[in-house]
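**Q** Next comes coords-v8.cif, mmCIF, C-alpha atoms:
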```cif
data_upload
#
loop_
_atom_site.label_atom_id
_atom_site.label_comp_id
_atom_site.auth_asym_id
_atom_site.auth_seq_id
_atom_site.Cartn_x
_atom_site.Cartn_y
_atom_site.Cartn_z
CA MET A 1 -12.40 -11.76 -33.56
CA SER A 2 -9.09 -11.83 -35.40
CA HIS A 3 -5.92 -12.65 -33.59
CA GLN A 4 -4.78 -9.05 -33.70
CA GLN A 5 -8.00 -7.74 -32.25
CA GLU A 6 -7.75 -10.31 -29.54
CA VAL A 7 -4.26 -9.18 -28.60
CA VAL A 8 -5.34 -5.54 -28.53
CA ALA A 9 -8.33 -6.38 -26.35
CA LYS A 10 -6.15 -8.35 -23.99
CA GLU A 11 -3.62 -5.55 -23.71
CA LYS A 12 -6.38 -3.10 -22.99
CA ALA A 13 -7.76 -5.33 -20.26
CA VAL A 14 -4.32 -5.63 -18.69
CA ALA A 15 -3.83 -1.86 -18.81
CA GLU A 16 -7.22 -1.27 -17.23
CA LYS A 17 -6.52 -3.77 -14.52
CA ARG A 18 -3.21 -2.11 -13.76
CA ALA A 19 -4.78 1.33 -13.59
CA ASP A 20 -7.36 -0.07 -11.23
CA SER A 21 -5.11 -1.99 -8.92
CA TYR A 22 -4.28 0.52 -6.30
CA GLN A 23 -4.28 0.53 -2.59
CA SER A 24 -6.95 2.80 -1.23
CA VAL A 25 -5.71 4.58 1.86
CA ARG A 26 -7.66 6.86 4.12
CA PRO A 27 -5.26 9.69 4.92
CA ARG A 28 -4.78 10.73 8.50
CA VAL A 29 -5.90 14.23 9.30
CA ASP A 30 -5.64 16.82 12.02
CA ILE A 31 -8.33 19.47 12.26
CA HIS A 32 -7.77 22.75 14.03
CA GLU A 33 -10.66 25.06 14.72
CA ASP A 34 -10.44 28.72 15.57
CA LYS A 35 -12.84 31.63 15.59
CA GLU A 36 -12.45 32.31 11.90
CA GLY A 37 -12.65 28.79 10.50
CA ILE A 38 -10.96 25.43 10.39
CA THR A 39 -7.63 24.16 9.12
CA LEU A 40 -7.50 20.58 7.94
CA LEU A 41 -4.10 18.97 7.60
CA ALA A 42 -3.87 15.66 5.74
CA ASP A 43 -0.83 13.44 5.27
CA ILE A 44 -0.64 12.38 1.66
CA PRO A 45 3.03 11.59 1.05
CA GLY A 46 3.94 10.87 -2.55
CA VAL A 47 1.18 12.95 -4.10
CA SER A 48 2.19 15.81 -6.35
CA ARG A 49 0.02 18.80 -7.11
CA GLU A 50 -0.87 17.37 -10.49
CA ALA A 51 -2.05 14.08 -9.03
CA LEU A 52 -4.26 15.67 -6.40
CA ASP A 53 -7.92 16.37 -6.86
CA ILE A 54 -9.94 18.28 -4.29
CA GLN A 55 -13.63 18.80 -4.88
CA ILE A 56 -16.49 20.38 -3.07
CA ASP A 57 -19.88 19.32 -4.22
CA ASN A 58 -23.04 19.81 -2.20
CA GLU A 59 -21.02 20.59 0.90
CA ILE A 60 -19.09 17.35 0.52
CA LEU A 61 -15.37 17.88 0.47
CA SER A 62 -13.46 15.07 -1.22
CA ILE A 63 -9.75 14.53 -1.35
CA ASP A 64 -8.39 12.15 -3.95
CA GLY A 65 -4.68 11.86 -4.59
CA ARG A 66 -2.59 9.30 -6.41
CA VAL A 67 0.92 8.25 -5.55
CA GLU A 68 3.14 7.28 -8.42
CA LEU A 69 6.53 5.99 -7.49
CA PRO A 70 9.21 6.15 -10.13
CA VAL A 71 10.40 2.80 -11.41
CA PRO A 72 14.08 2.43 -12.24
CA ASN A 73 15.06 1.14 -15.66
CA GLY A 74 15.22 -2.59 -15.91
CA ALA A 75 12.88 -3.18 -13.00
CA LYS A 76 10.90 -6.37 -13.12
CA GLU A 77 7.19 -6.95 -12.76
CA GLY A 78 6.23 -6.82 -9.12
CA TYR A 79 8.75 -4.13 -8.39
CA ALA A 80 7.79 -2.02 -5.40
CA GLY A 81 6.93 1.01 -7.48
CA ASN A 82 4.40 -0.85 -9.56
CA GLN A 83 1.78 -0.68 -6.92
CA THR A 84 0.26 2.68 -6.43
CA THR A 85 -1.46 4.13 -3.46
CA ARG A 86 -4.51 6.32 -3.68
CA TYR A 87 -5.59 8.54 -0.82
CA GLN A 88 -9.31 9.01 -0.64
CA ARG A 89 -11.42 10.61 2.01
CA SER A 90 -14.58 12.67 2.13
CA PHE A 91 -15.89 15.11 4.66
CA SER A 92 -19.20 16.79 4.96
CA LEU A 93 -18.88 20.47 5.67
CA SER A 94 -21.16 21.77 8.33
CA LYS A 95 -23.33 24.78 7.53
CA GLU A 96 -21.08 27.16 9.39
CA LEU A 97 -18.27 26.62 6.89
CA ASP A 98 -17.94 28.41 3.59
CA GLY A 99 -17.05 25.88 0.91
CA GLU A 100 -16.61 28.63 -1.65
CA GLN A 101 -13.59 30.07 0.09
CA VAL A 102 -11.32 27.07 0.54
CA GLU A 103 -7.61 27.62 0.26
CA ALA A 104 -5.35 24.65 -0.36
CA THR A 105 -1.60 24.30 -0.08
CA LEU A 106 0.54 21.23 -0.53
CA LYS A 107 4.02 20.92 0.86
CA ASP A 108 6.16 17.82 1.40
CA GLY A 109 3.15 15.55 1.28
CA VAL A 110 1.07 17.57 3.73
CA LEU A 111 -2.13 19.05 2.39
CA ALA A 112 -3.43 22.06 4.27
CA LEU A 113 -6.99 23.20 3.68
CA ARG A 114 -8.19 26.42 5.19
CA ILE A 115 -11.96 26.69 5.29
CA PRO A 116 -13.37 29.89 6.76
CA LYS A 117 -16.64 30.16 8.61
CA ARG A 118 -19.41 32.00 6.90
CA GLN A 119 -19.61 35.63 7.76
CA GLU A 120 -22.77 35.24 9.81
CA PHE A 121 -21.13 32.60 11.99
CA LYS A 122 -18.02 34.55 12.79
CA PRO A 123 -17.99 36.13 16.22
CA ARG A 124 -18.99 39.76 16.10
CA LYS A 125 -18.27 42.44 18.52
CA ILE A 126 -21.37 44.32 19.46
CA GLU A 127 -20.93 47.97 20.01
CA ILE A 128 -22.74 49.37 23.00
CA ARG A 129 -24.14 52.75 22.33
CA THR A 130 -24.54 55.16 25.10
CA ALA A 131 -28.09 56.26 25.54
CA MET B 1 -21.96 30.25 28.20
CA PHE B 2 -22.18 31.90 24.85
CA ALA B 3 -21.38 28.63 23.11
CA ARG B 4 -24.18 26.89 24.93
CA LEU B 5 -26.61 29.58 24.02
CA ASN B 6 -26.40 29.16 20.31
CA GLY B 7 -25.32 25.53 20.26
CA PHE B 8 -22.53 26.42 17.92
CA ASP B 9 -19.64 24.84 19.73
CA ARG B 10 -20.83 21.29 19.45
CA SER B 11 -22.45 21.18 16.08
CA LEU B 12 -19.44 22.17 14.07
CA THR B 13 -17.21 19.35 15.11
CA ASP B 14 -19.84 16.73 15.69
CA ASN B 15 -21.28 17.11 12.23
CA PHE B 16 -17.87 16.84 10.80
CA MET B 17 -17.10 13.51 12.30
CA GLN B 18 -20.46 11.92 12.18
CA LEU B 19 -21.07 12.68 8.55
CA GLU B 20 -17.65 11.62 7.60
CA SER B 21 -18.17 8.09 8.83
CA GLU B 22 -21.51 8.12 7.12
CA MET B 23 -19.79 8.93 3.85
CA ASP B 24 -17.47 5.99 4.30
CA ARG B 25 -20.38 3.73 4.95
CA LEU B 26 -22.21 4.93 1.85
CA PHE B 27 -19.17 4.37 -0.29
CA GLN B 28 -18.88 0.86 0.98
CA ALA B 29 -22.56 0.16 0.55
CA ALA B 30 -22.33 1.32 -3.04
CA GLY B 31 -19.53 -1.16 -3.57
CA LEU B 32 -17.19 1.58 -4.62
CA ARG B 33 -14.32 0.11 -2.72
CA SER B 34 -14.88 -3.52 -3.47
CA ARG B 35 -12.36 -3.67 -6.27
CA HIS B 36 -9.63 -1.99 -4.35
CA GLN B 37 -7.63 -3.55 -1.64
CA THR B 38 -8.55 -1.38 1.25
CA ALA B 39 -5.32 -0.95 3.07
CA ASN B 40 -4.77 -0.69 6.75
CA ARG B 41 -7.11 1.88 8.15
CA SER B 42 -4.22 3.39 9.99
CA GLY B 43 -3.92 5.77 7.08
CA GLN B 44 -0.26 5.41 6.38
CA PRO B 45 0.92 3.52 3.35
CA GLN B 46 3.67 1.07 4.00
CA MET B 47 7.26 1.31 3.07
CA HIS B 48 8.08 0.02 -0.39
CA ILE B 49 11.29 -1.81 -1.10
CA GLY B 50 12.28 -2.92 -4.54
CA SER B 51 15.42 -4.23 -6.11
CA THR B 52 16.90 -4.64 -9.52
CA GLU B 53 20.20 -6.19 -10.54
CA SER B 54 21.98 -2.91 -10.04
CA GLN B 55 20.27 -1.24 -7.10
CA VAL B 56 17.91 -1.43 -4.16
CA ASP B 57 15.30 1.29 -3.67
CA ILE B 58 13.54 2.11 -0.46
CA TYR B 59 10.54 4.41 -0.51
CA LEU B 60 9.43 5.59 2.91
CA PRO B 61 6.30 7.74 3.02
CA VAL B 62 6.80 10.29 5.77
CA ALA B 63 5.13 13.62 5.08
CA GLY B 64 6.11 17.01 6.39
CA ILE B 65 9.49 16.34 7.93
CA ASP B 66 12.75 18.18 7.74
CA PRO B 67 14.93 15.79 5.72
CA LYS B 68 17.97 17.10 7.57
CA ALA B 69 16.57 15.65 10.77
CA VAL B 70 16.59 12.13 9.34
CA THR B 71 19.49 9.80 10.02
CA ILE B 72 20.25 7.08 7.54
CA SER B 73 23.02 4.62 8.26
CA LEU B 74 24.22 1.43 6.66
CA GLU B 75 26.18 -1.14 8.59
CA GLY B 76 26.99 -4.25 6.64
CA ASN B 77 23.66 -5.01 5.03
CA GLN B 78 21.61 -3.42 7.81
CA MET B 79 20.08 -0.09 7.04
CA THR B 80 18.68 2.09 9.77
CA ILE B 81 16.45 5.09 9.11
CA SER B 82 15.40 7.19 12.04
CA GLY B 83 14.08 10.64 12.67
CA GLN B 84 11.61 12.85 14.35
CA ARG B 85 8.34 14.27 13.16
CA ASP B 86 6.68 17.31 14.63
CA VAL B 87 3.23 18.41 13.62
CA GLU B 88 1.86 21.93 13.46
CA LYS B 89 0.47 23.35 16.65
CA SER B 90 -1.45 26.49 17.28
CA GLU B 91 -2.29 28.15 20.53
CA SER B 92 -5.30 30.04 19.31
CA ALA B 93 -6.91 27.07 17.60
CA LYS B 94 -8.62 24.11 19.19
CA LEU B 95 -7.58 20.67 18.00
CA VAL B 96 -10.81 18.91 17.15
CA LYS B 97 -9.32 15.89 15.45
CA LYS B 98 -5.89 14.43 15.85
CA GLU B 99 -4.81 11.41 13.84
CA ARG B 100 -1.48 12.34 12.35
CA PHE B 101 1.63 10.70 13.65
CA GLU B 102 3.91 12.72 15.86
CA GLY B 103 7.17 11.72 17.46
CA GLN B 104 10.11 9.52 16.64
CA PHE B 105 10.28 6.87 14.00
CA HIS B 106 12.81 4.12 13.52
CA TYR B 107 13.11 1.55 10.77
CA GLN B 108 15.57 -1.28 10.39
CA ILE B 109 15.86 -2.94 7.01
CA ASN B 110 17.84 -6.00 5.96
CA LEU B 111 19.31 -5.47 2.55
CA PRO B 112 20.94 -7.97 0.18
CA ASP B 113 24.56 -8.82 1.03
CA ASP B 114 26.01 -7.20 -2.07
CA VAL B 115 25.00 -3.61 -1.37
CA ASP B 116 27.72 -1.06 -1.92
CA GLN B 117 28.39 0.91 1.27
CA GLU B 118 29.94 3.72 -0.69
CA ARG B 119 27.08 4.37 -3.05
CA VAL B 120 24.01 5.34 -1.11
CA GLU B 121 21.87 8.27 -2.19
CA ALA B 122 18.85 9.73 -0.49
CA SER B 123 16.30 12.26 -1.66
CA TYR B 124 13.06 13.65 -0.31
CA GLU B 125 10.22 14.64 -2.58
CA HIS B 126 6.48 15.13 -2.00
CA GLY B 127 6.90 13.68 1.48
CA VAL B 128 8.51 10.43 0.37
CA LEU B 129 12.01 9.55 1.42
CA HIS B 130 13.79 7.63 -1.33
CA VAL B 131 17.01 5.82 -0.50
CA LYS B 132 18.89 4.29 -3.38
CA ILE B 133 21.64 1.80 -2.66
CA ALA B 134 23.81 0.52 -5.48
CA ARG B 135 24.72 -3.16 -5.65
CA ARG B 136 28.27 -4.27 -6.39
CA GLU B 137 29.25 -5.06 -9.92
CA ALA B 138 30.32 -8.59 -9.10
CA ALA B 139 26.82 -9.53 -8.14
CA LYS B 140 25.38 -8.60 -11.48
CA PRO B 141 25.00 -11.47 -13.89
CA ARG B 142 27.79 -11.31 -16.41
CA GLN B 143 27.32 -12.07 -20.01
CA ILE B 144 29.94 -14.38 -21.42
CA THR B 145 30.71 -14.05 -25.06
CA ILE B 146 31.65 -17.12 -26.97
CA GLN B 147 34.66 -16.55 -29.10
#
```
Show me this structure written as structure tokens.
**A**
Amino acid sequence: MSHQQEVVAKEKAVAEKRADSYQSVRPRVDIHEDKEGITLLADIPGVSREALDIQIDNEILSIDGRVELPVPNGAKEGYAGNQTTRYQRSFSLSKELDGEQVEATLKDGVLALRIPKRQEFKPRKIEIRTA
Amino acid sequence: MFARLNGFDRSLTDNFMQLESEMDRLFQAAGLRSRHQTANRSGQPQMHIGSTESQVDIYLPVAGIDPKAVTISLEGNQMTISGQRDVEKSESAKLVKKERFEGQFHYQINLPDDVDQERVEASYEHGVLHVKIARREAAKPRQITIQ
């Protein structure tokens, strides 16, 4: 391995390490349930829309968001902003919930997920016919 | 009575919680977290403070607050940040899980002695409060030119 290759490999390793060195945080959530479905509220301060990934696969709902703090010019290594936080948490959706109809909104670091119940699980009013 | 009849009431929330912890366990068993420093399980990242020669930056993660309801004051080199956080409530919905912080918060931070009282800026974006405090010129290392 030439010297140049070595330097490139080293730089790559450093970059990979940096990308990997994050603090994994389990976001706190509140879950509200009503007749029509559930609302999940998660605190993920510092995550922008672009850095947030929400997936539903096999009735598993996963939230994954990265925090990137801006670093001022001239900041040294070890500056507060260098360390990033990553919010990760997974939930299993029960059968009553319709994973196809999830609505997500993000405002001021609060993620709101609205997951409706499947039609057949929603309360129905039964009409009584007169005989 | 209706809830007991079809067993619906319990299953929805119970499944939610039980399977969630199972997911965590599976992730750990698979070693997926081993390379990360798993932070406090309290779920809130800590405050970040960083400084350069010209400024001190404080990043306080506090989601979903009204920034106008936050008080920031600087006395000497003591900075105080306090405020109130209210979380969404609904009368028609049942709260099946409650973990998010609610109430008052108060932080006291000791800053370097050379912070400039007159040049403090605060902004709030994506639920992170960022307070920037400039440091006085005199404290910056000066470059001396040799004539």
**Q** Pick the closest to chain A from B:Ile72, B:Gly64, B:Glu91, B:Gln46: which is it, counting all atoms listed in the file?
**A**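 Distance minimum relative to chain A lands on B:Gly64.
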**Q** Near chain B, which residues of chain A fall within 8 Å when you count all atoms listed in the file, and what do they look like as a short mmCIF file (atom, residue, chain, number, x, y, z; two decimals) with C-alpha atoms, in the coordinates of the input?
**A**
```cif
data_model
loop_
_atom_site.label_atom_id
_atom_site.label_comp_id
_atom_site.auth_asym_id
_atom_site.auth_seq_id
_atom_site.Cartn_x
_atom_site.Cartn_y
_atom_site.Cartn_z
CA ASP A 20 -7.36 -0.07 -11.23
CA SER A 21 -5.11 -1.99 -8.92
CA TYR A 22 -4.28 0.52 -6.30
CA GLN A 23 -4.28 0.53 -2.59
CA SER A 24 -6.95 2.80 -1.23
CA VAL A 25 -5.71 4.58 1.86
CA ARG A 26 -7.66 6.86 4.12
CA PRO A 27 -5.26 9.69 4.92
CA ARG A 28 -4.78 10.73 8.50
CA VAL A 29 -5.90 14.23 9.30
CA ASP A 30 -5.64 16.82 12.02
CA ILE A 31 -8.33 19.47 12.26
CA HIS A 32 -7.77 22.75 14.03
CA GLU A 33 -10.66 25.06 14.72
CA ASP A 34 -10.44 28.72 15.57
CA LYS A 35 -12.84 31.63 15.59
CA ALA A 42 -3.87 15.66 5.74
CA ASP A 43 -0.83 13.44 5.27
CA ILE A 44 -0.64 12.38 1.66
CA PRO A 45 3.03 11.59 1.05
CA GLY A 46 3.94 10.87 -2.55
CA VAL A 47 1.18 12.95 -4.10
CA SER A 48 2.19 15.81 -6.35
CA GLY A 74 15.22 -2.59 -15.91
CA ALA A 75 12.88 -3.18 -13.00
CA LYS A 76 10.90 -6.37 -13.12
CA TYR A 79 8.75 -4.13 -8.39
CA ALA A 80 7.79 -2.02 -5.40
CA GLY A 81 6.93 1.01 -7.48
CA THR A 85 -1.46 4.13 -3.46
CA ARG A 89 -11.42 10.61 2.01
CA SER A 90 -14.58 12.67 2.13
CA PHE A 91 -15.89 15.11 4.66
CA SER A 92 -19.20 16.79 4.96
CA LEU A 93 -18.88 20.47 5.67
CA SER A 94 -21.16 21.77 8.33
CA GLU A 96 -21.08 27.16 9.39
CA LYS A 107 4.02 20.92 0.86
CA ASP A 108 6.16 17.82 1.40
CA GLY A 109 3.15 15.55 1.28
CA VAL A 110 1.07 17.57 3.73
#
```
**Q** Apply the PyMOL selection byres ((chain B and resi 76-78) around 12) to the structure shown and report the selected residues as number ranges by chain.
**A** B: 56, 72-75, 79-81, 107-118, 133-135
**Q** Using atom CA of Leu97 of chain A and atom CA of Arg49 of chain A as the two end points, give the distance in Å to one decimal.
**A**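 Computing it gives 24.3 Å between the two atoms.
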**Q** Got a sec to resolve the PyMOL selection byres ((chain A and resi 112) around 7) on this structure and send the residues as an MDAnalysis selection string?
**A** chainID A and resid 39:42 104:106 110:111 113:114
**Q** Those residues you just picked out, can you put them in a file as a short mmCIF file (atom, residue, chain, number, x, y, z; two decimals), in the frame of the given file with C-alpha atoms?
**A**
```cif
data_model
loop_
_atom_site.label_atom_id
_atom_site.label_comp_id
_atom_site.auth_asym_id
_atom_site.auth_seq_id
_atom_site.Cartn_x
_atom_site.Cartn_y
_atom_site.Cartn_z
CA THR A 39 -7.63 24.16 9.12
CA LEU A 40 -7.50 20.58 7.94
CA LEU A 41 -4.10 18.97 7.60
CA ALA A 42 -3.87 15.66 5.74
CA ALA A 104 -5.35 24.65 -0.36
CA THR A 105 -1.60 24.30 -0.08
CA LEU A 106 0.54 21.23 -0.53
CA VAL A 110 1.07 17.57 3.73
CA LEU A 111 -2.13 19.05 2.39
CA LEU A 113 -6.99 23.20 3.68
CA ARG A 114 -8.19 26.42 5.19
#
```
**Q** So how many Å separate atom CA of Leu52 of chain A and atom CA of Phe105 of chain B, to one decimal?
**A**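 The value is 26.6 Å.
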**Q** Could you state the separation of atom CA of Val102 of chain A and atom CA of Val67 of chain A in Å, given to one decimal place?
**A**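 Result for atom CA of Val102 of chain A versus atom CA of Val67 of chain A: 23.3 Å, one decimal.
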**Q** Out of A:Asp53, A:Ile60, A:Pro116, A:Glu103, which residue has the shortest atom-to-atom distance to Tyr87 of chain A when counting all atoms listed in the file?
**A**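 Ranking A:Asp53, A:Ile60, A:Pro116, A:Glu103 by distance to Tyr87 of chain A, first place goes to A:Asp53.
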**Q** List the spatial neighbours of Ile56 of chain A as an NGL selection string - criterion: any atom at most 9 Å away, all atoms listed in the file, same-chain residues fewer than 4 positions off excluded.
**A** :A and (60-62 or 99-100)
**Q** Check the smallest atom-to-atom distance from each of A:Thr130, A:Gln88, A:Gln5, A:Gln119 to Gln55 of chain A using all atoms listed in the file, then report the winner.
**A** A:Gln88
**Q** Find the residues around Gln104 of chain B up to 9 Å (only C-alpha atoms counted), leave out those fewer than 4 positions away in its own chain, and share them as an NGL selection string.
**A** :B and (82-86)
**Q** What does the file look like for those residues with C-alpha atoms, as a short mmCIF file (atom, residue, chain, number, x, y, z; two decimals), keeping the file's coordinate frame?
**A**
```
data_model
loop_
_atom_site.label_atom_id
_atom_site.label_comp_id
_atom_site.auth_asym_id
_atom_site.auth_seq_id
_atom_site.Cartn_x
_atom_site.Cartn_y
_atom_site.Cartn_z
CA SER B 82 15.40 7.19 12.04
CA GLY B 83 14.08 10.64 12.67
CA GLN B 84 11.61 12.85 14.35
CA ARG B 85 8.34 14.27 13.16
CA ASP B 86 6.68 17.31 14.63
#
```
